[in-house]
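Heads up: the structure comes next, in structure tokens.
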Amino acid sequence: MKKDGIEPVLLISSLGVALAGARHLMETAAHSPRLPLWDMAKYGVSGLRLQAALSEGRIWQALVEIHQMSVWPPWWPSLSAVAFGLLGPDYSSARILVVSCWVVAVVAAAWAPRPLVGGAEAGALAAAWLAAGPMFQSLATVNLLEVPGLLLLILCLGCYVRAISAADPSIETRWWRATAITSLCLFFCKYNYGLFWLVPMAVSEARRRSGSWAALAQSLRELVPRLPWRRPLWWLLILWVALLSAIRWSGGIELALAGQEIRATSIGNPAYALYLAICCWAFYRYRKGLGFGDFLPVLTRPDRILGRWLVLPVGMWMLLPPHVKELFGFLENRSSDLIFWDGLWFYPDAFLNSYAAHPALGALVLVLAGIGLRDLWSGCDGRRVVALCLAVGVLALLSHPYKLERFAFQTAWLIGLVAALSLTRAKTVLPRGLLFGVALVVLVSAAWVGVDRPFVEHQHRLRTVSEEVQPMLDAFADSAKRRDGGVLVLGTWNGLSPALIEWNARRLDYAASEESAPLPSTGFEQARRRAWRLQKVIDQGDFRWIAVVTAEPGSAFDQETAWLQPIVDGLRASEHYRAVGPSRSAGAYSWQWLERPGLP
């Protein structure tokens, strides 16, 4: 079969496989009564707030909401706002959007590598790998960023491969613009997802323009003597970077200076100071025409496109202090406290038993990926960028101290793509059409394998909250509606988050406020600061009604909310508050109202 006939057949087949799988995934996504955990609830509430502000024409408030999306950037909440506007504010609306992204991701996986040698067949195999993988399927039923992040990564890869292989300048320009826009969306989906792609793309471009790794190394060696070593500002920059590295790798710096205690435990604020100083210096140099006159003319057309559509928007976003701080916060995540060998084996075990439809298939894919990696590295630029992406992904997984199965989502798909590209190298020796037949059979087999329902349902339960807490959420929402002045909820944690309380109130069309619930804490210093903040809210808020939430003794709830106990004990002993009625229960939780008589 001719190439022009192969590609449409495989693309249409991948769409059919995706729709077949989505039919089963949609049953869980749309009809599950379970509720979102902390992160998922926060994504949903951000989208609901944005949708409410836009629907009411409050443009300034919408901009404020976007600015406050500093931990998780605004791309996914913006897309969620559209879904909520079309489907309503229920939990299922966000899940249906994720399943839709999964369908598009399967088709995009078949589309992305098409310009490469054997790319059409490799894309079909990569699409089958994505469609049949149990973990890929399960994360399509919860409101997490893994599926939309993978979709954007696949689109970035596909656009970049087409940009560097286009012969027509006008087509090349269009694909470079598409690469910049999809890269920007990926960065604004989640910061570390953006770096996951931007770092290998930058390395690929540097090598592509140098012509070889040896030429790139020579260029770097020639650059070192030209650096302004004699300028004081250059050494100040080096010392500042060294300080950031010391804070990052030592866990923090504490010292006493002139009788004052100085503590630096995060690199977010110092990094922002450095970024702001560099921006001010660059603006000054640009206005004075010092150095930029020689730099700007040598920029290529792709450089200008990337600068206009990617670098400039990201640079402007990072000028706002919380955004830089949270960007580095992703690099300073907590640890899983695994011993070395357990941490080293964690992701291979997850790959074999969670991402592959069968462990034997996972082992075969790993072997093929290992065989094909060297070939990709020394192949064309389009194949090399796939190898670079995989290398960055593996290094990030091994070096990051916090281990979760879902963190390997993008890397696991890239391993499947590398294995597929390795297999399709046989196209040069196999009869015409045989490899197409193999790819089509594998793709159809993915539909035959279908959805691993027990695995998907189990993983869905692990990442959601029992519907048993719904009566408690409804009671909080009803109380906030009937009682002016707000209701304070003490005892929120990962499974009963402030965002979940607010989302439930908004879906019932009740007034809700994020400030009506405290945040949980995991460390003493963090708890001390939040306890002080919460006590200040109580003292200044004049709340008439406070709901105190408890759970079964010995649960994770008790561990994460232990810092609240002194505040609760103080309220119970206070002459201003009194308990109203017996405790009510909802599943493993119970709650009791405290009232402050005399307030309206």
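Letters for chains follow the order of the structure tokens (A, B, ...), residue numbers begin at 1 for each chain, and ligand numbers begin at 1 in the order shown.
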message: Taking 3 positions as the minimum chain separation for residues in the same chain, which residues sit within 7 Å of stretch 70-75 of chain A when counting only C-alpha atoms? Answer as a VMD selection string.
response: chain A and resid 66 to 67 78 to 79 185 188 to 190 322 to 323 326
With all heavy atoms retained, could you export that selection as a compact mmCIF listing (two decimals), in the first residue's frame?
# COMPACT_ATOMS: atom_id res chain seq x y z
N ILE A 66 -6.80 34.41 37.11
CA ILE A 66 -5.70 33.85 36.34
C ILE A 66 -4.36 34.10 37.04
O ILE A 66 -3.51 33.22 37.13
CB ILE A 66 -5.70 34.42 34.91
CG1 ILE A 66 -6.91 33.89 34.13
CG2 ILE A 66 -4.40 34.08 34.18
CD1 ILE A 66 -7.07 34.50 32.77
N HIS A 67 -4.19 35.32 37.56
CA HIS A 67 -2.96 35.64 38.27
C HIS A 67 -2.76 34.74 39.48
O HIS A 67 -1.62 34.34 39.80
CB HIS A 67 -2.98 37.10 38.72
CG HIS A 67 -1.98 37.42 39.79
ND1 HIS A 67 -0.62 37.35 39.57
CD2 HIS A 67 -2.13 37.80 41.08
CE1 HIS A 67 0.02 37.67 40.69
NE2 HIS A 67 -0.87 37.94 41.62
N SER A 78 -8.59 27.18 32.36
CA SER A 78 -9.29 27.89 31.28
C SER A 78 -10.09 26.92 30.41
O SER A 78 -11.24 27.19 30.03
CB SER A 78 -8.28 28.65 30.41
OG SER A 78 -7.57 29.60 31.17
N LEU A 79 -9.48 25.77 30.11
CA LEU A 79 -10.20 24.75 29.34
C LEU A 79 -11.36 24.19 30.15
O LEU A 79 -12.44 23.92 29.61
CB LEU A 79 -9.23 23.65 28.94
CG LEU A 79 -9.57 22.83 27.69
CD1 LEU A 79 -9.64 23.73 26.47
CD2 LEU A 79 -8.52 21.73 27.46
N CYS A 185 1.45 26.35 25.72
CA CYS A 185 0.32 25.71 26.40
C CYS A 185 0.81 24.63 27.37
O CYS A 185 0.29 24.50 28.48
CB CYS A 185 -0.63 25.10 25.38
SG CYS A 185 -1.54 26.31 24.39
N PHE A 188 2.16 26.25 30.45
CA PHE A 188 1.07 26.78 31.26
C PHE A 188 0.08 25.71 31.70
O PHE A 188 -0.89 26.01 32.39
CB PHE A 188 0.33 27.89 30.50
CG PHE A 188 1.06 29.21 30.54
CD1 PHE A 188 1.05 30.04 29.44
CD2 PHE A 188 1.74 29.60 31.67
CE1 PHE A 188 1.71 31.26 29.48
CE2 PHE A 188 2.40 30.81 31.72
CZ PHE A 188 2.40 31.64 30.61
N CYS A 189 0.32 24.46 31.29
CA CYS A 189 -0.44 23.34 31.85
C CYS A 189 0.17 22.95 33.19
O CYS A 189 -0.54 22.80 34.19
CB CYS A 189 -0.43 22.16 30.89
SG CYS A 189 -1.27 20.69 31.50
N LYS A 190 1.50 22.80 33.20
CA LYS A 190 2.23 22.52 34.44
C LYS A 190 3.69 22.84 34.17
O LYS A 190 4.24 22.44 33.15
CB LYS A 190 2.06 21.05 34.85
CG LYS A 190 2.39 20.77 36.30
CD LYS A 190 2.03 19.33 36.67
CE LYS A 190 2.31 19.07 38.14
NZ LYS A 190 2.00 17.65 38.51
N PRO A 322 4.78 35.45 42.69
CA PRO A 322 4.37 34.09 43.06
C PRO A 322 4.67 33.04 42.00
O PRO A 322 4.87 31.87 42.32
CB PRO A 322 2.85 34.24 43.29
CG PRO A 322 2.62 35.69 43.47
CD PRO A 322 3.64 36.37 42.65
N HIS A 323 4.72 33.46 40.74
CA HIS A 323 4.88 32.49 39.67
C HIS A 323 6.29 31.90 39.66
O HIS A 323 6.46 30.69 39.46
CB HIS A 323 4.56 33.15 38.33
CG HIS A 323 3.17 33.73 38.30
ND1 HIS A 323 2.78 34.69 37.40
CD2 HIS A 323 2.09 33.50 39.08
CE1 HIS A 323 1.52 35.01 37.61
NE2 HIS A 323 1.09 34.30 38.63
N GLU A 326 6.63 29.47 42.70
CA GLU A 326 5.98 28.17 42.53
C GLU A 326 6.65 27.34 41.46
O GLU A 326 6.62 26.11 41.51
CB GLU A 326 4.50 28.37 42.19
CG GLU A 326 3.70 29.05 43.29
CD GLU A 326 3.77 28.32 44.62
OE1 GLU A 326 4.06 27.10 44.62
OE2 GLU A 326 3.55 28.96 45.66
What's around A:Leu594 at 9 Å? Count only C-alpha atoms, leave out sequence neighbours fewer than 4 positions away in its own chain, and write the answer as a tab-separated table (two decimals) with C-alpha atoms, in the first residue's frame.
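The new file out02.tsv reads:
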chain	number	residue	atom	x	y	z
A	544	ARG	CA	-21.02	32.80	64.40
A	545	TRP	CA	-20.80	29.19	63.18
A	546	ILE	CA	-17.74	26.95	63.14
A	547	ALA	CA	-17.84	23.31	62.03
A	548	VAL	CA	-15.25	21.08	63.72
A	571	LEU	CA	-12.61	27.29	71.00
A	572	ARG	CA	-14.33	24.62	73.06
A	577	TYR	CA	-18.50	29.57	71.75
A	578	ARG	CA	-20.73	26.65	72.71
A	579	ALA	CA	-21.40	23.26	71.14
A	580	VAL	CA	-24.74	22.94	69.37
Name the residues in contact with A:Leu319 at a cut-off of 12 Å, using only C-alpha atoms, excluding same-chain residues fewer than 5 positions from it; report them as a short mmCIF file (atom, residue, chain, number, x, y, z; two decimals) with C-alpha atoms, in the first residue's frame.
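What follows is the written file around28.cif:
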data_model
loop_
_atom_site.label_atom_id
_atom_site.label_comp_id
_atom_site.auth_asym_id
_atom_site.auth_seq_id
_atom_site.Cartn_x
_atom_site.Cartn_y
_atom_site.Cartn_z
CA HIS A 67 -2.96 35.64 38.27
CA SER A 70 0.54 30.41 40.41
CA ALA A 271 15.53 33.11 42.34
CA TYR A 272 12.87 35.77 41.70
CA ALA A 273 15.27 38.49 42.87
CA LEU A 274 17.87 37.18 40.42
CA TYR A 275 15.34 36.97 37.58
CA LEU A 276 14.12 40.52 38.24
CA ALA A 277 17.68 41.85 38.29
CA ILE A 278 18.47 40.15 34.96
CA CYS A 279 15.29 41.55 33.37
CA CYS A 280 16.12 45.08 34.57
CA LEU A 312 8.00 36.65 25.73
CA PRO A 313 4.71 35.34 27.27
CA VAL A 314 6.60 33.12 29.71
CA VAL A 324 8.68 32.21 39.93
CA LYS A 325 8.40 30.93 43.50
#
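The protein and nucleic acid residues lying at most 9 Å from A:Leu443 are Leu10, Ser13, Ser14, Val17, Ala124, Leu125, Ala126, Ala127, Ala128, Trp129, Ala131, Val438, Ala439, Leu440, Val441, Ser445, Ala446 and Ala447 of chain A, with only C-alpha atoms considered and sequence neighbours fewer than 2 positions away removed.
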Those residues you just picked out, can you put them in a file as a PDB file, in the first residue's frame with C-alpha atoms?
ATOM      1  CA  LEU A  10      -3.924   4.143  10.547  1.00  0.00           C
ATOM      2  CA  SER A  13      -8.129   3.157  13.011  1.00  0.00           C
ATOM      3  CA  SER A  14      -6.533   4.985  15.964  1.00  0.00           C
ATOM      4  CA  VAL A  17      -9.682   2.446  18.994  1.00  0.00           C
ATOM      5  CA  ALA A 124       0.063   3.434  15.162  1.00  0.00           C
ATOM      6  CA  LEU A 125       2.064   1.281  17.581  1.00  0.00           C
ATOM      7  CA  ALA A 126       2.514   4.199  19.982  1.00  0.00           C
ATOM      8  CA  ALA A 127      -1.218   4.918  19.788  1.00  0.00           C
ATOM      9  CA  ALA A 128      -1.993   1.272  20.583  1.00  0.00           C
ATOM     10  CA  TRP A 129       0.429   1.406  23.540  1.00  0.00           C
ATOM     11  CA  ALA A 131      -4.880   3.086  24.258  1.00  0.00           C
ATOM     12  CA  VAL A 438       1.643  -5.549  11.700  1.00  0.00           C
ATOM     13  CA  ALA A 439       0.895  -2.006  12.896  1.00  0.00           C
ATOM     14  CA  LEU A 440      -2.766  -2.311  11.925  1.00  0.00           C
ATOM     15  CA  VAL A 441      -3.115  -5.668  13.689  1.00  0.00           C
ATOM     16  CA  SER A 445      -5.687  -5.607  19.099  1.00  0.00           C
ATOM     17  CA  ALA A 446      -5.652  -2.604  21.428  1.00  0.00           C
ATOM     18  CA  ALA A 447      -9.382  -2.248  20.851  1.00  0.00           C
TER      19      ALA A 447
END
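Of the residues listed (A:Pro302, A:Gly211, A:Gly416, A:Gly307), A:Gly416 shows the shortest atom-to-atom separation from A:Ala122; distances use only C-alpha atoms.
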field: Shell around A:Ala356 at 10 Å using only C-alpha atoms, local window under 2 positions removed, as a list in words
entry: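 Listing them by chain and then by number gives Trp129, Leu130, Ala132, Gly133, Pro134, Met135, Phe136, Ala350, Phe351, Leu352, Asn353, Ser354, His358, Pro359, Ala360, Leu361, Gly362, Ala363, Leu364, Val365, Ala412 and Gly416 of chain A.
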- prompt: In terms of the shortest atom-to-atom distance over only C-alpha atoms, which of A:Ala20, A:Leu145, A:Trp593, A:Leu373 is closest to A:Ser479?
  reply: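 Comparing A:Ala20, A:Leu145, A:Trp593, A:Leu373 against A:Ser479, the winner is A:Trp593.
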- request: Using DSSP on the backbone coordinates, identify the residues of stretch 47-98 of chain A assigned to alpha helix (DSSP H); present them as a PyMOL selection string.
  value: chain A and resi 47-55+59-67+75-87+91-98
- request: From the DSSP assignment of the backbone, select every residue of stretch 96-258 of chain A that is strand (DSSP E or B), and format the answer as an MDAnalysis selection string.
  value: chainID A and resid 253:257
- request: Just the residues within 8 Å of A:Phe84, please, counting only C-alpha atoms, with nothing from its chain fewer than 6 positions along; format it as a list in words.
  value: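 With the cut-off at 8 Å, the set is Gly47, Leu48, Gln51, Asp90, Ser93 and Ala94 of chain A.
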So that I have them on file, write out the residues from the current selection with N, CA, C and O atoms, as a PDB file, in the first residue's frame.
ATOM      1  N   GLY A  47     -11.264  26.558  37.654  1.00  0.00           N
ATOM      2  CA  GLY A  47     -12.060  26.689  36.436  1.00  0.00           C
ATOM      3  C   GLY A  47     -13.441  27.253  36.700  1.00  0.00           C
ATOM      4  O   GLY A  47     -13.952  28.067  35.915  1.00  0.00           O
ATOM      5  N   LEU A  48     -14.063  26.849  37.807  1.00  0.00           N
ATOM      6  CA  LEU A  48     -15.390  27.365  38.145  1.00  0.00           C
ATOM      7  C   LEU A  48     -15.351  28.856  38.439  1.00  0.00           C
ATOM      8  O   LEU A  48     -16.246  29.612  38.031  1.00  0.00           O
ATOM      9  N   GLN A  51     -14.872  30.639  35.126  1.00  0.00           N
ATOM     10  CA  GLN A  51     -16.102  30.581  34.335  1.00  0.00           C
ATOM     11  C   GLN A  51     -17.162  31.538  34.881  1.00  0.00           C
ATOM     12  O   GLN A  51     -17.856  32.227  34.120  1.00  0.00           O
ATOM     13  N   ASP A  90     -20.788  20.257  37.585  1.00  0.00           N
ATOM     14  CA  ASP A  90     -20.659  19.002  38.320  1.00  0.00           C
ATOM     15  C   ASP A  90     -19.240  18.436  38.187  1.00  0.00           C
ATOM     16  O   ASP A  90     -18.477  18.809  37.307  1.00  0.00           O
ATOM     17  N   SER A  93     -18.172  16.882  34.765  1.00  0.00           N
ATOM     18  CA  SER A  93     -17.806  17.732  33.623  1.00  0.00           C
ATOM     19  C   SER A  93     -16.300  17.756  33.421  1.00  0.00           C
ATOM     20  O   SER A  93     -15.810  17.656  32.292  1.00  0.00           O
ATOM     21  N   ALA A  94     -15.556  17.878  34.518  1.00  0.00           N
ATOM     22  CA  ALA A  94     -14.094  17.894  34.410  1.00  0.00           C
ATOM     23  C   ALA A  94     -13.573  16.532  33.950  1.00  0.00           C
ATOM     24  O   ALA A  94     -12.636  16.456  33.145  1.00  0.00           O
TER      25      ALA A  94
END
query: Suppose you want the space between atom CA of A:Gln410 and atom CA of A:His460; what is it in Å?
result: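 Interatomic distance here is 19.1 Å.
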field: Atom-to-atom span, atom CA of A:Asn494 and atom CA of A:Asp558, Å
entry: 11.5 Å
Counting only C-alpha atoms, the option among A:Ala475, A:Val456, A:Ala53, A:Met318 closest to A:Leu508: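 Smallest distance to A:Leu508 is found for A:Ala475.
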